[in-house]
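Visitor: I am sharing target33.pdb, which consists of PDB, C-alpha atoms:
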```
ATOM      1  CA  MET B   1     -25.888  36.952   8.560
ATOM      2  CA  ARG B   2     -24.414  33.894  10.280
ATOM      3  CA  ARG B   3     -22.799  34.386  13.646
ATOM      4  CA  PRO B   4     -19.097  33.443  13.969
ATOM      5  CA  GLY B   5     -19.899  30.987  16.771
ATOM      6  CA  VAL B   6     -22.298  29.053  14.555
ATOM      7  CA  ARG B   7     -19.762  28.938  11.749
ATOM      8  CA  ARG B   8     -17.042  27.713  14.101
ATOM      9  CA  PHE B   9     -19.368  25.006  15.371
ATOM     10  CA  GLY B  10     -20.138  23.915  11.802
ATOM     11  CA  VAL B  11     -16.464  23.750  10.883
ATOM     12  CA  ALA B  12     -15.607  21.845  14.069
ATOM     13  CA  THR B  13     -18.429  19.387  13.404
ATOM     14  CA  ALA B  14     -17.257  18.826   9.833
ATOM     15  CA  TRP B  15     -13.692  18.147  10.983
ATOM     16  CA  ALA B  16     -14.933  15.807  13.713
ATOM     17  CA  GLY B  17     -17.062  13.938  11.168
ATOM     18  CA  LEU B  18     -14.106  13.621   8.842
ATOM     19  CA  LEU B  19     -11.882  12.345  11.637
ATOM     20  CA  VAL B  20     -14.472   9.797  12.741
ATOM     21  CA  THR B  21     -14.840   8.611   9.128
ATOM     22  CA  GLU B  22     -11.090   8.198   8.758
ATOM     23  CA  VAL B  23     -10.858   6.253  12.017
ATOM     24  CA  ALA B  24     -13.764   4.049  10.903
ATOM     25  CA  ILE B  25     -12.007   3.318   7.600
ATOM     26  CA  ALA B  26      -8.796   2.439   9.425
ATOM     27  CA  LEU B  27     -10.676   0.158  11.839
ATOM     28  CA  THR B  28     -12.350  -1.588   8.907
ATOM     29  CA  TYR B  29      -8.964  -2.429   7.400
ATOM     30  CA  LEU B  30      -7.787  -3.593  10.822
ATOM     31  CA  GLY B  31     -10.857  -5.803  11.135
ATOM     32  CA  PHE B  32     -10.060  -7.469   7.832
ATOM     33  CA  GLY B  33      -6.505  -8.080   8.998
ATOM     34  CA  THR B  34      -5.257  -5.783   6.276
ATOM     35  CA  TRP B  35      -3.607  -2.920   8.147
ATOM     36  CA  TRP B  36      -0.679  -3.213   5.775
ATOM     37  CA  HIS B  37      -3.020  -2.492   2.857
ATOM     38  CA  TRP B  38      -4.339   0.574   4.716
ATOM     39  CA  LEU B  39      -0.806   1.895   5.050
ATOM     40  CA  LEU B  40      -0.099   1.363   1.369
ATOM     41  CA  HIS B  41      -3.267   2.723  -0.159
ATOM     42  CA  MET B  42      -3.932   5.649   2.171
ATOM     43  CA  LEU B  43      -0.416   7.008   2.057
ATOM     44  CA  THR B  44      -0.161   6.501  -1.699
ATOM     45  CA  GLY B  45      -3.554   8.110  -2.248
ATOM     46  CA  TRP B  46      -2.794  11.091  -0.041
ATOM     47  CA  GLY B  47       0.618  11.516  -1.655
ATOM     48  CA  VAL B  48      -0.646  11.336  -5.224
ATOM     49  CA  GLY B  49      -3.537  13.673  -4.416
ATOM     50  CA  LEU B  50      -1.187  16.268  -2.969
ATOM     51  CA  SER B  51       1.297  15.863  -5.829
ATOM     52  CA  ALA B  52      -1.445  16.333  -8.401
ATOM     53  CA  ALA B  53      -2.741  19.405  -6.572
ATOM     54  CA  ALA B  54       0.779  20.844  -6.394
ATOM     55  CA  LEU B  55       1.263  20.327 -10.121
ATOM     56  CA  ALA B  56      -2.073  21.985 -10.827
ATOM     57  CA  ALA B  57      -1.049  24.954  -8.687
ATOM     58  CA  ALA B  58       2.384  25.187 -10.274
ATOM     59  CA  LEU B  59       1.163  24.933 -13.848
ATOM     60  CA  THR B  60      -2.142  26.788 -13.692
ATOM     61  CA  ARG B  61      -2.162  28.649 -10.361
ATOM     62  CA  TYR B  62      -5.433  26.869  -9.582
ATOM     63  CA  ARG B  63      -5.317  25.998  -5.890
ATOM     64  CA  VAL B  64      -6.827  22.759  -4.647
ATOM     65  CA  PRO B  65      -7.275  22.868  -0.858
ATOM     66  CA  ALA B  66      -5.183  20.285   0.985
ATOM     67  CA  VAL B  67      -8.168  18.495   2.453
ATOM     68  CA  VAL B  68      -9.754  18.120  -0.994
ATOM     69  CA  ALA B  69      -6.494  16.831  -2.503
ATOM     70  CA  LEU B  70      -6.059  14.347   0.346
ATOM     71  CA  LEU B  71      -9.602  13.023   0.139
ATOM     72  CA  LEU B  72      -9.702  12.746  -3.655
ATOM     73  CA  GLY B  73      -6.393  10.890  -3.726
ATOM     74  CA  GLN B  74      -7.549   8.586  -0.954
ATOM     75  CA  LEU B  75     -10.833   7.891  -2.691
ATOM     76  CA  VAL B  76      -9.212   6.978  -6.013
ATOM     77  CA  SER B  77      -6.672   4.792  -4.245
ATOM     78  CA  ILE B  78      -9.265   2.671  -2.426
ATOM     79  CA  VAL B  79     -11.846   2.247  -5.199
ATOM     80  CA  PRO B  80     -10.974  -1.488  -5.588
ATOM     81  CA  ASP B  81     -11.369  -2.024  -1.845
ATOM     82  CA  LEU B  82     -14.740  -0.260  -1.893
ATOM     83  CA  GLN B  83     -15.764  -2.484  -4.812
ATOM     84  CA  PHE B  84     -14.664  -5.549  -2.835
ATOM     85  CA  ARG B  85     -16.504  -4.476   0.284
ATOM     86  CA  PHE B  86     -19.730  -3.164  -1.223
ATOM     87  CA  LEU B  87     -19.990  -4.815  -4.671
ATOM     88  CA  ARG B  88     -18.321  -8.110  -3.683
ATOM     89  CA  MET B  89     -15.815  -7.826  -6.541
ATOM     90  CA  PRO B  90     -12.474  -9.642  -6.223
ATOM     91  CA  HIS B  91      -9.411  -7.653  -7.181
ATOM     92  CA  GLU B  92      -8.155  -7.778 -10.777
ATOM     93  CA  ALA B  93      -4.852  -6.792 -12.358
ATOM     94  CA  SER B  94      -6.623  -4.026 -14.293
ATOM     95  CA  MET B  95      -7.279  -2.269 -10.977
ATOM     96  CA  ASP B  96      -3.766  -0.894 -11.270
ATOM     97  CA  VAL B  97      -5.431   2.144 -12.849
ATOM     98  CA  PHE B  98      -6.373   3.124  -9.298
ATOM     99  CA  LEU B  99      -2.929   4.415  -8.337
ATOM    100  CA  GLY B 100      -1.228   1.048  -8.792
ATOM    101  CA  HIS B 101      -3.620  -0.655  -6.419
ATOM    102  CA  ILE B 102      -2.281  -4.129  -7.336
ATOM    103  CA  SER B 103       1.336  -3.615  -8.420
ATOM    104  CA  ILE B 104       2.229  -1.371  -5.492
ATOM    105  CA  HIS B 105       2.091  -4.502  -3.286
ATOM    106  CA  THR B 106       4.833  -6.362  -5.112
ATOM    107  CA  GLY B 107       7.054  -3.403  -5.906
ATOM    108  CA  PRO B 108      10.190  -2.545  -3.958
ATOM    109  CA  SER B 109       9.674  -1.693  -0.256
ATOM    110  CA  PRO B 110       5.974  -0.875  -0.646
ATOM    111  CA  VAL B 111       5.479   0.831   2.712
ATOM    112  CA  LEU B 112       8.500   3.072   2.217
ATOM    113  CA  VAL B 113       7.410   3.931  -1.323
ATOM    114  CA  ALA B 114       3.983   4.915  -0.010
ATOM    115  CA  LEU B 115       5.524   7.052   2.729
ATOM    116  CA  GLY B 116       7.926   8.582   0.204
ATOM    117  CA  ALA B 117       5.018   9.486  -2.073
ATOM    118  CA  LEU B 118       3.258  11.185   0.831
ATOM    119  CA  LEU B 119       6.330  13.113   1.919
ATOM    120  CA  LEU B 120       7.128  14.284  -1.612
ATOM    121  CA  GLY B 121       3.504  15.113  -2.373
ATOM    122  CA  GLY B 122       3.107  16.965   0.911
ATOM    123  CA  TRP B 123       6.256  19.008   0.411
ATOM    124  CA  ALA B 124       5.172  19.751  -3.154
ATOM    125  CA  TRP B 125       1.792  20.998  -1.940
ATOM    126  CA  ILE B 126       3.436  23.152   0.749
ATOM    127  CA  ALA B 127       5.862  24.625  -1.801
ATOM    128  CA  ALA B 128       2.896  25.497  -4.016
ATOM    129  CA  ALA B 129       1.089  27.060  -1.036
ATOM    130  CA  TYR B 130       4.064  29.399  -0.613
ATOM    131  CA  ASP B 131       4.082  30.179  -4.358
ATOM    132  CA  ARG B 132       7.329  28.304  -4.958
ATOM    133  CA  ARG B 133       6.352  26.986  -8.371
ATOM    134  CA  GLU B 134       9.577  25.286  -9.412
ATOM    135  CA  PRO B 135      10.085  23.244  -6.228
ATOM    136  CA  ALA B 136       6.381  22.400  -6.270
ATOM    137  CA  LEU B 137       6.698  21.149  -9.838
ATOM    138  CA  ALA B 138       9.852  19.137  -9.146
ATOM    139  CA  LEU B 139       8.564  17.568  -5.931
ATOM    140  CA  GLY B 140       5.146  16.873  -7.401
ATOM    141  CA  VAL B 141       6.627  15.115 -10.411
ATOM    142  CA  ALA B 142       8.985  13.177  -8.116
ATOM    143  CA  GLY B 143       6.070  12.003  -5.965
ATOM    144  CA  LEU B 144       4.132  10.748  -8.958
ATOM    145  CA  LEU B 145       7.198   9.207 -10.590
ATOM    146  CA  LEU B 146       8.028   7.293  -7.417
ATOM    147  CA  VAL B 147       4.675   5.520  -7.509
ATOM    148  CA  VAL B 148       4.777   4.917 -11.266
ATOM    149  CA  LEU B 149       8.318   3.528 -11.187
ATOM    150  CA  ALA B 150       7.578   1.288  -8.198
ATOM    151  CA  CYS B 151       4.640  -0.187 -10.105
ATOM    152  CA  LEU B 152       6.644  -0.592 -13.309
ATOM    153  CA  VAL B 153       9.378  -2.617 -11.610
ATOM    154  CA  ALA B 154       6.966  -4.614  -9.434
ATOM    155  CA  ASP B 155       7.107  -8.395  -9.520
ATOM    156  CA  GLU B 156       4.415 -10.202 -11.475
ATOM    157  CA  ILE B 157       1.528 -11.639  -9.497
ATOM    158  CA  PRO B 158       2.118 -15.427  -9.308
ATOM    159  CA  THR B 159       0.004 -17.549 -11.607
ATOM    160  CA  ARG B 160       1.388 -20.889 -10.340
ATOM    161  CA  LEU B 161       1.999 -22.184  -6.829
ATOM    162  CA  ALA B 162       5.629 -22.718  -7.824
ATOM    163  CA  ASP B 163       5.991 -18.948  -8.204
ATOM    164  CA  PHE B 164       5.515 -18.392  -4.456
ATOM    165  CA  PRO B 165       8.544 -18.483  -2.137
ATOM    166  CA  LEU B 166       8.948 -21.905  -0.532
ATOM    167  CA  ASP B 167      11.922 -21.273   1.724
ATOM    168  CA  PRO B 168      10.480 -20.312   5.146
ATOM    169  CA  ALA B 169      13.492 -18.094   5.774
ATOM    170  CA  ARG B 170      12.494 -15.999   2.763
ATOM    171  CA  VAL B 171       8.895 -15.491   3.755
ATOM    172  CA  ALA B 172       7.911 -12.616   5.992
ATOM    173  CA  THR B 173       4.301 -12.269   7.004
ATOM    174  CA  GLY B 174       2.447  -9.281   8.404
ATOM    175  CA  ARG B 175      -0.295  -8.691  10.898
TER
ATOM    176  CA  MET O   1       1.455  32.791   9.468
ATOM    177  CA  ALA O   2       1.392  29.597   7.413
ATOM    178  CA  PRO O   3      -1.024  29.402   4.470
ATOM    179  CA  PRO O   4      -4.212  27.387   5.177
ATOM    180  CA  GLY O   5      -3.720  23.660   4.863
ATOM    181  CA  VAL O   6       0.001  23.567   5.608
ATOM    182  CA  ARG O   7      -0.474  22.421   9.184
ATOM    183  CA  LEU O   8      -2.904  19.730   8.026
ATOM    184  CA  VAL O   9      -0.417  18.386   5.486
ATOM    185  CA  LEU O  10       2.385  18.377   8.055
ATOM    186  CA  ALA O  11       0.148  16.644  10.606
ATOM    187  CA  VAL O  12      -0.817  13.944   8.085
ATOM    188  CA  GLN O  13       2.852  13.397   7.259
ATOM    189  CA  VAL O  14       3.902  13.161  10.918
ATOM    190  CA  VAL O  15       1.098  10.768  11.864
ATOM    191  CA  SER O  16       1.749   8.631   8.784
ATOM    192  CA  ALA O  17       5.482   8.473   9.479
ATOM    193  CA  ALA O  18       4.731   7.436  13.068
ATOM    194  CA  LEU O  19       2.385   4.674  11.862
ATOM    195  CA  VAL O  20       4.972   3.416   9.386
ATOM    196  CA  GLY O  21       7.563   3.473  12.164
ATOM    197  CA  GLY O  22       5.190   1.505  14.352
ATOM    198  CA  TRP O  23       4.669  -1.019  11.571
ATOM    199  CA  PHE O  24       8.374  -1.748  11.324
ATOM    200  CA  ALA O  25       8.997  -1.449  15.077
ATOM    201  CA  THR O  26       6.540  -4.277  15.706
ATOM    202  CA  GLY O  27       8.539  -6.615  13.502
ATOM    203  CA  ASN O  28       6.531  -6.470  10.304
ATOM    204  CA  ALA O  29       8.032  -6.703   6.833
ATOM    205  CA  SER O  30       7.710  -3.960   4.249
ATOM    206  CA  ALA O  31       6.039  -6.529   1.996
ATOM    207  CA  PRO O  32       4.419  -9.406   3.922
ATOM    208  CA  ASP O  33       4.801 -12.639   1.955
ATOM    209  CA  ASP O  34       6.495 -10.691  -0.864
ATOM    210  CA  GLY O  35       3.485  -8.371  -0.951
ATOM    211  CA  LEU O  36       1.047 -11.175  -1.691
ATOM    212  CA  GLN O  37      -0.695 -11.511   1.667
ATOM    213  CA  GLN O  38      -4.481 -11.148   1.326
ATOM    214  CA  LEU O  39      -4.267  -9.653  -2.153
ATOM    215  CA  ASP O  40      -7.778 -10.918  -2.954
ATOM    216  CA  LEU O  41      -6.858 -11.541  -6.578
ATOM    217  CA  LEU O  42      -7.717 -14.915  -8.119
ATOM    218  CA  SER O  43      -4.598 -15.494 -10.204
ATOM    219  CA  LEU O  44      -4.108 -19.257  -9.964
ATOM    220  CA  SER O  45      -5.563 -22.103 -12.004
ATOM    221  CA  GLU O  46      -3.907 -25.281 -10.903
ATOM    222  CA  GLN O  47      -4.699 -28.659  -9.387
ATOM    223  CA  VAL O  48      -2.698 -30.463  -6.696
ATOM    224  CA  GLU O  49      -3.014 -34.200  -6.222
ATOM    225  CA  GLY O  50      -5.067 -35.082  -3.172
ATOM    226  CA  VAL O  51      -6.554 -31.614  -2.761
ATOM    227  CA  GLN O  52     -10.274 -31.888  -3.427
ATOM    228  CA  ALA O  53     -13.232 -29.544  -3.156
ATOM    229  CA  ARG O  54     -15.886 -30.669  -0.685
ATOM    230  CA  ALA O  55     -18.935 -32.114  -2.497
ATOM    231  CA  GLY O  56     -18.218 -30.107  -5.641
ATOM    232  CA  ARG O  57     -18.556 -26.809  -3.789
ATOM    233  CA  PRO O  58     -16.014 -23.984  -3.664
ATOM    234  CA  THR O  59     -13.839 -24.836  -0.697
ATOM    235  CA  VAL O  60     -11.346 -23.251   1.666
ATOM    236  CA  VAL O  61      -8.369 -25.445   2.512
ATOM    237  CA  VAL O  62      -6.716 -24.055   5.624
ATOM    238  CA  VAL O  63      -3.240 -25.119   6.617
ATOM    239  CA  THR O  64      -2.254 -24.466  10.201
ATOM    240  CA  CYS O  65      -0.235 -26.052  12.979
ATOM    241  CA  PRO O  66      -1.443 -28.440  15.716
ATOM    242  CA  SER O  67      -0.845 -25.912  18.503
ATOM    243  CA  LEU O  68      -3.537 -23.656  17.005
ATOM    244  CA  LEU O  69      -6.159 -26.398  17.283
ATOM    245  CA  PRO O  70      -8.983 -26.735  18.159
ATOM    246  CA  LEU O  71     -10.360 -24.210  15.715
ATOM    247  CA  PRO O  72     -12.652 -21.381  16.747
ATOM    248  CA  ALA O  73     -16.326 -21.690  15.831
ATOM    249  CA  ARG O  74     -16.925 -21.741  12.094
ATOM    250  CA  GLU O  75     -18.017 -18.411  10.615
ATOM    251  CA  LEU O  76     -17.852 -19.434   6.955
ATOM    252  CA  ASP O  77     -21.185 -19.903   5.195
ATOM    253  CA  GLU O  78     -22.273 -23.559   5.071
ATOM    254  CA  ALA O  79     -22.645 -23.234   1.291
ATOM    255  CA  TYR O  80     -18.876 -23.572   1.043
ATOM    256  CA  GLY O  81     -16.566 -26.385   2.006
ATOM    257  CA  LEU O  82     -13.947 -26.017   4.730
ATOM    258  CA  VAL O  83     -10.997 -28.348   5.133
ATOM    259  CA  VAL O  84      -8.306 -27.904   7.776
ATOM    260  CA  SER O  85      -4.954 -29.617   7.656
ATOM    261  CA  THR O  86      -1.781 -29.607   9.717
ATOM    262  CA  ASP O  87       0.144 -31.712   7.229
ATOM    263  CA  ASP O  88       3.617 -30.419   6.539
ATOM    264  CA  ALA O  89       3.855 -31.958   3.061
ATOM    265  CA  LEU O  90       0.533 -30.401   2.095
ATOM    266  CA  ALA O  91       1.716 -27.033   3.405
ATOM    267  CA  ARG O  92       4.683 -27.193   1.054
ATOM    268  CA  ALA O  93       2.577 -28.447  -1.850
ATOM    269  CA  LEU O  94       0.290 -25.436  -1.393
ATOM    270  CA  ALA O  95       3.228 -23.027  -1.100
ATOM    271  CA  LEU O  96       2.409 -22.285   2.538
ATOM    272  CA  PRO O  97       5.549 -23.596   4.272
ATOM    273  CA  LEU O  98       5.257 -21.243   7.261
ATOM    274  CA  ALA O  99       1.795 -22.549   8.078
ATOM    275  CA  THR O 100       3.182 -25.618   9.758
ATOM    276  CA  ALA O 101       6.830 -24.643  10.224
ATOM    277  CA  GLU O 102       6.149 -21.418  12.113
ATOM    278  CA  CYS O 103       2.437 -21.544  12.918
ATOM    279  CA  GLN O 104       1.534 -18.842  10.406
ATOM    280  CA  PRO O 105      -1.782 -20.145   9.034
ATOM    281  CA  GLY O 106      -2.754 -19.722   5.440
ATOM    282  CA  TYR O 107      -5.293 -21.076   3.016
ATOM    283  CA  VAL O 108      -6.046 -21.824  -0.595
ATOM    284  CA  LEU O 109      -9.421 -21.505  -2.298
ATOM    285  CA  LEU O 110     -10.660 -24.196  -4.648
ATOM    286  CA  ASP O 111     -13.472 -23.913  -7.128
ATOM    287  CA  GLY O 112     -16.038 -26.687  -7.355
ATOM    288  CA  GLY O 113     -13.785 -28.624  -9.744
ATOM    289  CA  SER O 114     -10.920 -28.667  -7.206
ATOM    290  CA  THR O 115      -8.841 -26.142  -9.098
ATOM    291  CA  ILE O 116      -6.768 -23.922  -6.809
ATOM    292  CA  ARG O 117      -7.520 -20.298  -7.628
ATOM    293  CA  TYR O 118      -6.067 -18.380  -4.693
ATOM    294  CA  ARG O 119      -3.450 -18.806  -1.985
ATOM    295  CA  THR O 120      -2.569 -16.565   0.921
ATOM    296  CA  TYR O 121      -1.196 -16.466   4.417
ATOM    297  CA  ASP O 122      -3.690 -15.068   6.883
ATOM    298  CA  PRO O 123      -3.052 -15.499  10.607
ATOM    299  CA  GLY O 124      -6.593 -14.259  11.326
ATOM    300  CA  TRP O 125      -8.272 -16.443   8.685
ATOM    301  CA  SER O 126     -11.031 -17.691  11.021
ATOM    302  CA  ARG O 127     -12.339 -14.133  11.515
ATOM    303  CA  HIS O 128     -12.199 -13.205   7.826
ATOM    304  CA  SER O 129     -15.113 -15.164   6.444
ATOM    305  CA  PHE O 130     -16.479 -12.114   4.587
ATOM    306  CA  GLU O 131     -13.304 -11.861   2.561
ATOM    307  CA  GLN O 132     -13.297 -15.591   1.805
ATOM    308  CA  GLU O 133     -16.977 -15.614   0.881
ATOM    309  CA  VAL O 134     -16.576 -12.773  -1.633
ATOM    310  CA  LEU O 135     -13.903 -14.804  -3.407
ATOM    311  CA  LEU O 136     -15.748 -18.131  -3.073
ATOM    312  CA  GLU O 137     -18.919 -16.561  -4.409
ATOM    313  CA  HIS O 138     -16.967 -15.494  -7.478
ATOM    314  CA  LEU O 139     -15.621 -19.048  -7.877
ATOM    315  CA  LEU O 140     -19.144 -20.377  -7.720
ATOM    316  CA  ASP O 141     -20.084 -18.187 -10.683
ATOM    317  CA  HIS O 142     -16.751 -18.407 -12.526
ATOM    318  CA  PRO O 143     -15.070 -21.816 -12.192
ATOM    319  CA  ALA O 144     -11.709 -22.257 -13.915
ATOM    320  CA  ASP O 145     -11.943 -23.068 -17.638
ATOM    321  CA  SER O 146      -8.842 -25.134 -18.148
ATOM    322  CA  PRO O 147      -6.789 -25.914 -15.076
ATOM    323  CA  THR O 148      -3.160 -26.829 -15.561
TER
END
```
Just give me the structure as structure tokens.
Guide:
Amino acid sequence: MRRPGVRRFGVATAWAGLLVTEVAIALTYLGFGTWWHWLLHMLTGWGVGLSAAALAAALTRYRVPAVVALLLGQLVSIVPDLQFRFLRMPHEASMDVFLGHISIHTGPSPVLVALGALLLGGWAWIAAAYDRREPALALGVAGLLLVVLACLVADEIPTRLADFPLDPARVATGR
Amino acid sequence: MAPPGVRLVLAVQVVSAALVGGWFATGNASAPDDGLQQLDLLSLSEQVEGVQARAGRPTVVVVTCPSLLPLPARELDEAYGLVVSTDDALARALALPLATAECQPGYVLLDGGSTIRYRTYDPGWSRHSFEQEVLLEHLLDHPADSPT
């Protein structure tokens, strides 16, 4: 039989490893000068993962632990970035299947949409954890719909230089 | 007592909201360059008069402002061309007006046939050679078929 102290140490080590991994991922995005992309894809991934888990709990009573929902959502959301980093694959429009990985950039207020998806997904998951099935269902659907709608109304990716904004007053850059 | 996981979810939400707040508090836009900054998607196929690839190799054409010169040491692989300009007219022709007007550097990528395939602002362009090389490598293998 395992002693409680050993188990606690194992759990603490796992959490520390997870935290270090998350910090390393964030630093990688920072190193590429793409912190904005980190904000978009992490928050969207976490939000969608939690929303999906909340829907599963509300509809089937199958509970997905929060950490699993967060990590699965995050993983799906950053598949194109992993392909870029490790397989040297440029992004393509078809990569929208990974939680709107392309369109989310040119949709309305991308950072706020990503935060909204996380807030809705998180509240949905919490409602499900307290066995509040209807709020969990409503919030979970809202979280997913927010991302889908943002992608549906997103601007097209320019295919000509003339499609980019030329008025300096209209262009805002990020760090 | 809260069910397991609730505190984690709340913590992730609070930290994320703080990071988003920090993003806006430091003067950043919700969608830098209309969301197109460093998208890493080769969507263009167009030629601009006077913009030529170096020796038929995929090339980076950087547009910046004189106050950011001299450039830091080159990190880009020698297999690819690198051209740097501070010309205001070229900045506008390449849809990078802020590069010279407000010292926000950007670049376009050309394939070996001088077709522009990608354009982005990137204030840290000189440190992002990995990103550029992934795209240039693709241009080496997949030049544009019929530039407009």
Visitor: Given all atoms listed in the file, how would the per-residue table for chain B near chain O read, listing every residue at most 8 Å away with its closest atom pair and distance in Å to one decimal, sorted by chain and number, as CSV?
Guide:
```
residue,atom,partner,partner_atom,distance
B:Phe32,CA,O:His128,CA,6.1
B:Gly33,CA,O:Gly124,CA,6.6
B:Thr34,CA,O:Gln38,CA,7.3
B:Leu39,CA,O:Val20,CA,7.4
B:Leu43,CA,O:Ser16,CA,7.3
B:Pro65,CA,O:Gly5,CA,6.8
B:Ala66,CA,O:Gly5,CA,5.3
B:Val67,CA,O:Gly5,CA,7.2
B:Phe84,CA,O:Val134,CA,7.6
B:Arg88,CA,O:Val134,CA,5.4
B:Met89,CA,O:Val134,CA,7.0
B:Pro90,CA,O:Asp40,CA,5.9
B:His91,CA,O:Leu41,CA,4.7
B:Glu92,CA,O:Leu41,CA,5.8
B:Ala93,CA,O:Leu41,CA,7.7
B:Ile102,CA,O:Leu39,CA,7.8
B:His105,CA,O:Gly35,CA,4.7
B:Thr106,CA,O:Gly35,CA,4.8
B:Gly107,CA,O:Gly35,CA,7.9
B:Ser109,CA,O:Ser30,CA,5.4
B:Pro110,CA,O:Ser30,CA,6.0
B:Val111,CA,O:Ser30,CA,5.5
B:Leu112,CA,O:Ser30,CA,7.4
B:Leu115,CA,O:Ala17,CA,6.9
B:Leu118,CA,O:Gln13,CA,6.8
B:Leu119,CA,O:Gln13,CA,6.4
B:Gly122,CA,O:Val9,CA,5.9
B:Ile126,CA,O:Val6,CA,6.0
B:Ala129,CA,O:Pro3,CA,6.3
B:Tyr130,CA,O:Pro3,CA,7.2
B:Ile157,CA,O:Ser43,CA,7.3
B:Pro158,CA,O:Ser43,CA,6.8
B:Thr159,CA,O:Leu44,CA,4.7
B:Arg160,CA,O:Leu44,CA,5.7
B:Leu161,CA,O:Ala95,CA,5.9
B:Ala162,CA,O:Ala95,CA,7.1
B:Phe164,CA,O:Ala95,CA,6.2
B:Pro165,CA,O:Ala95,CA,7.1
B:Leu166,CA,O:Ala95,CA,5.9
B:Asp167,CA,O:Pro97,CA,7.2
B:Pro168,CA,O:Leu98,CA,5.7
B:Val171,CA,O:Asp33,CA,5.3
B:Ala172,CA,O:Asp33,CA,5.1
B:Thr173,CA,O:Pro32,CA,4.2
B:Gly174,CA,O:Pro32,CA,4.9
B:Arg175,CA,O:Asn28,CA,7.2
```
Visitor: Could the centre and edge lengths of an axis-aligned box, enclosing all atoms of range 79-89 of chain O in the file with 4 Å extra on each side, be given in Å to one decimal as AutoDock Vina command-line options?
Guide:
```
--center_x -9.4 --center_y -27.6 --center_z 5.4 --size_x 34.5 --size_y 16.7 --size_z 16.7
```
Visitor: Give me, please, the distance in Å between CA of Ala79 in chain O and CA of Val108 in chain O, quoted to one decimal.
Guide: 16.8 Å
Visitor: Considering all atoms listed in the file, can you say which of O:Pro70, O:Val83, O:Thr64, O:Gly56 comes closest to Leu139 in chain O?
Guide: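 Ranked by minimum distance to Leu139 in chain O, first place goes to O:Gly56.
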Visitor: Can you turn the PyMOL selection byres ((chain B and resi 145-152) around 9) into a concrete residue list for this file, as a list in words?
Guide: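 That expression, the PyMOL selection byres ((chain B and resi 145-152) around 9), corresponds here to Thr44, Val48, Asp96, Leu99, Gly100, Ile102, Ser103, Ile104, His105, Thr106, Gly107, Pro108, Ser109, Pro110, Val113, Ala114, Gly116, Ala117, Gly140, Val141, Ala142, Gly143, Leu144, Val153, Ala154 and Asp155 of chain B.
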Visitor: For the residues selected in the previous step, produce a file with C-alpha atoms as a tab-separated table (two decimals), keeping the file's coordinate frame.
Guide:
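That gives us result20.tsv:
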```tsv
chain	number	residue	atom	x	y	z
B	44	THR	CA	-0.16	6.50	-1.70
B	48	VAL	CA	-0.65	11.34	-5.22
B	96	ASP	CA	-3.77	-0.89	-11.27
B	99	LEU	CA	-2.93	4.42	-8.34
B	100	GLY	CA	-1.23	1.05	-8.79
B	102	ILE	CA	-2.28	-4.13	-7.34
B	103	SER	CA	1.34	-3.62	-8.42
B	104	ILE	CA	2.23	-1.37	-5.49
B	105	HIS	CA	2.09	-4.50	-3.29
B	106	THR	CA	4.83	-6.36	-5.11
B	107	GLY	CA	7.05	-3.40	-5.91
B	108	PRO	CA	10.19	-2.54	-3.96
B	109	SER	CA	9.67	-1.69	-0.26
B	110	PRO	CA	5.97	-0.88	-0.65
B	113	VAL	CA	7.41	3.93	-1.32
B	114	ALA	CA	3.98	4.92	-0.01
B	116	GLY	CA	7.93	8.58	0.20
B	117	ALA	CA	5.02	9.49	-2.07
B	140	GLY	CA	5.15	16.87	-7.40
B	141	VAL	CA	6.63	15.12	-10.41
B	142	ALA	CA	8.98	13.18	-8.12
B	143	GLY	CA	6.07	12.00	-5.96
B	144	LEU	CA	4.13	10.75	-8.96
B	153	VAL	CA	9.38	-2.62	-11.61
B	154	ALA	CA	6.97	-4.61	-9.43
B	155	ASP	CA	7.11	-8.40	-9.52
```
Visitor: Quick one: pull the distance between CA of Ala57 in chain B and CA of Leu120 in chain B, Å, one decimal.
Guide: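 CA of Ala57 in chain B sits 15.2 Å away from CA of Leu120 in chain B.
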Visitor: Between B:Arg8, B:His37, B:Arg61, B:Arg3, which has the minimum distance to Leu137 in chain B (counting only C-alpha atoms)?
Guide: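 Distance minimum relative to Leu137 in chain B lands on B:Arg61.
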Visitor: Work out how far CA of Glu134 in chain B is from CA of Leu70 in chain B, in Å to one decimal.
Guide: 21.4 Å
Visitor: Return the single residue from O:Gly81, O:Gly50, O:Gly22, O:Pro105 that is closest to Val62 in chain O, with distances computed using only C-alpha atoms.
Guide: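 Closest to Val62 in chain O of all the choices is O:Pro105.
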Visitor: Save range 27-43 of chain B to a file: C-alpha atoms, as a PDB file, in the first residue's frame.
Guide:
```pdb
ATOM      1  CA  LEU B  27       7.895  31.411 -23.388  1.00  0.00           C
ATOM      2  CA  THR B  28       8.162  29.739 -26.791  1.00  0.00           C
ATOM      3  CA  TYR B  29       5.349  31.908 -28.142  1.00  0.00           C
ATOM      4  CA  LEU B  30       7.008  34.947 -26.576  1.00  0.00           C
ATOM      5  CA  GLY B  31      10.293  34.020 -28.237  1.00  0.00           C
ATOM      6  CA  PHE B  32       8.610  33.913 -31.625  1.00  0.00           C
ATOM      7  CA  GLY B  33       7.099  37.330 -30.982  1.00  0.00           C
ATOM      8  CA  THR B  34       3.659  35.779 -31.042  1.00  0.00           C
ATOM      9  CA  TRP B  35       2.304  36.366 -27.544  1.00  0.00           C
ATOM     10  CA  TRP B  36      -0.932  37.520 -29.118  1.00  0.00           C
ATOM     11  CA  HIS B  37      -1.305  34.105 -30.765  1.00  0.00           C
ATOM     12  CA  TRP B  38      -0.713  32.444 -27.376  1.00  0.00           C
ATOM     13  CA  LEU B  39      -3.549  34.464 -25.887  1.00  0.00           C
ATOM     14  CA  LEU B  40      -5.893  33.532 -28.709  1.00  0.00           C
ATOM     15  CA  HIS B  41      -5.192  29.840 -29.018  1.00  0.00           C
ATOM     16  CA  MET B  42      -4.719  28.941 -25.357  1.00  0.00           C
ATOM     17  CA  LEU B  43      -7.816  30.720 -24.145  1.00  0.00           C
TER      18      LEU B  43
END
```
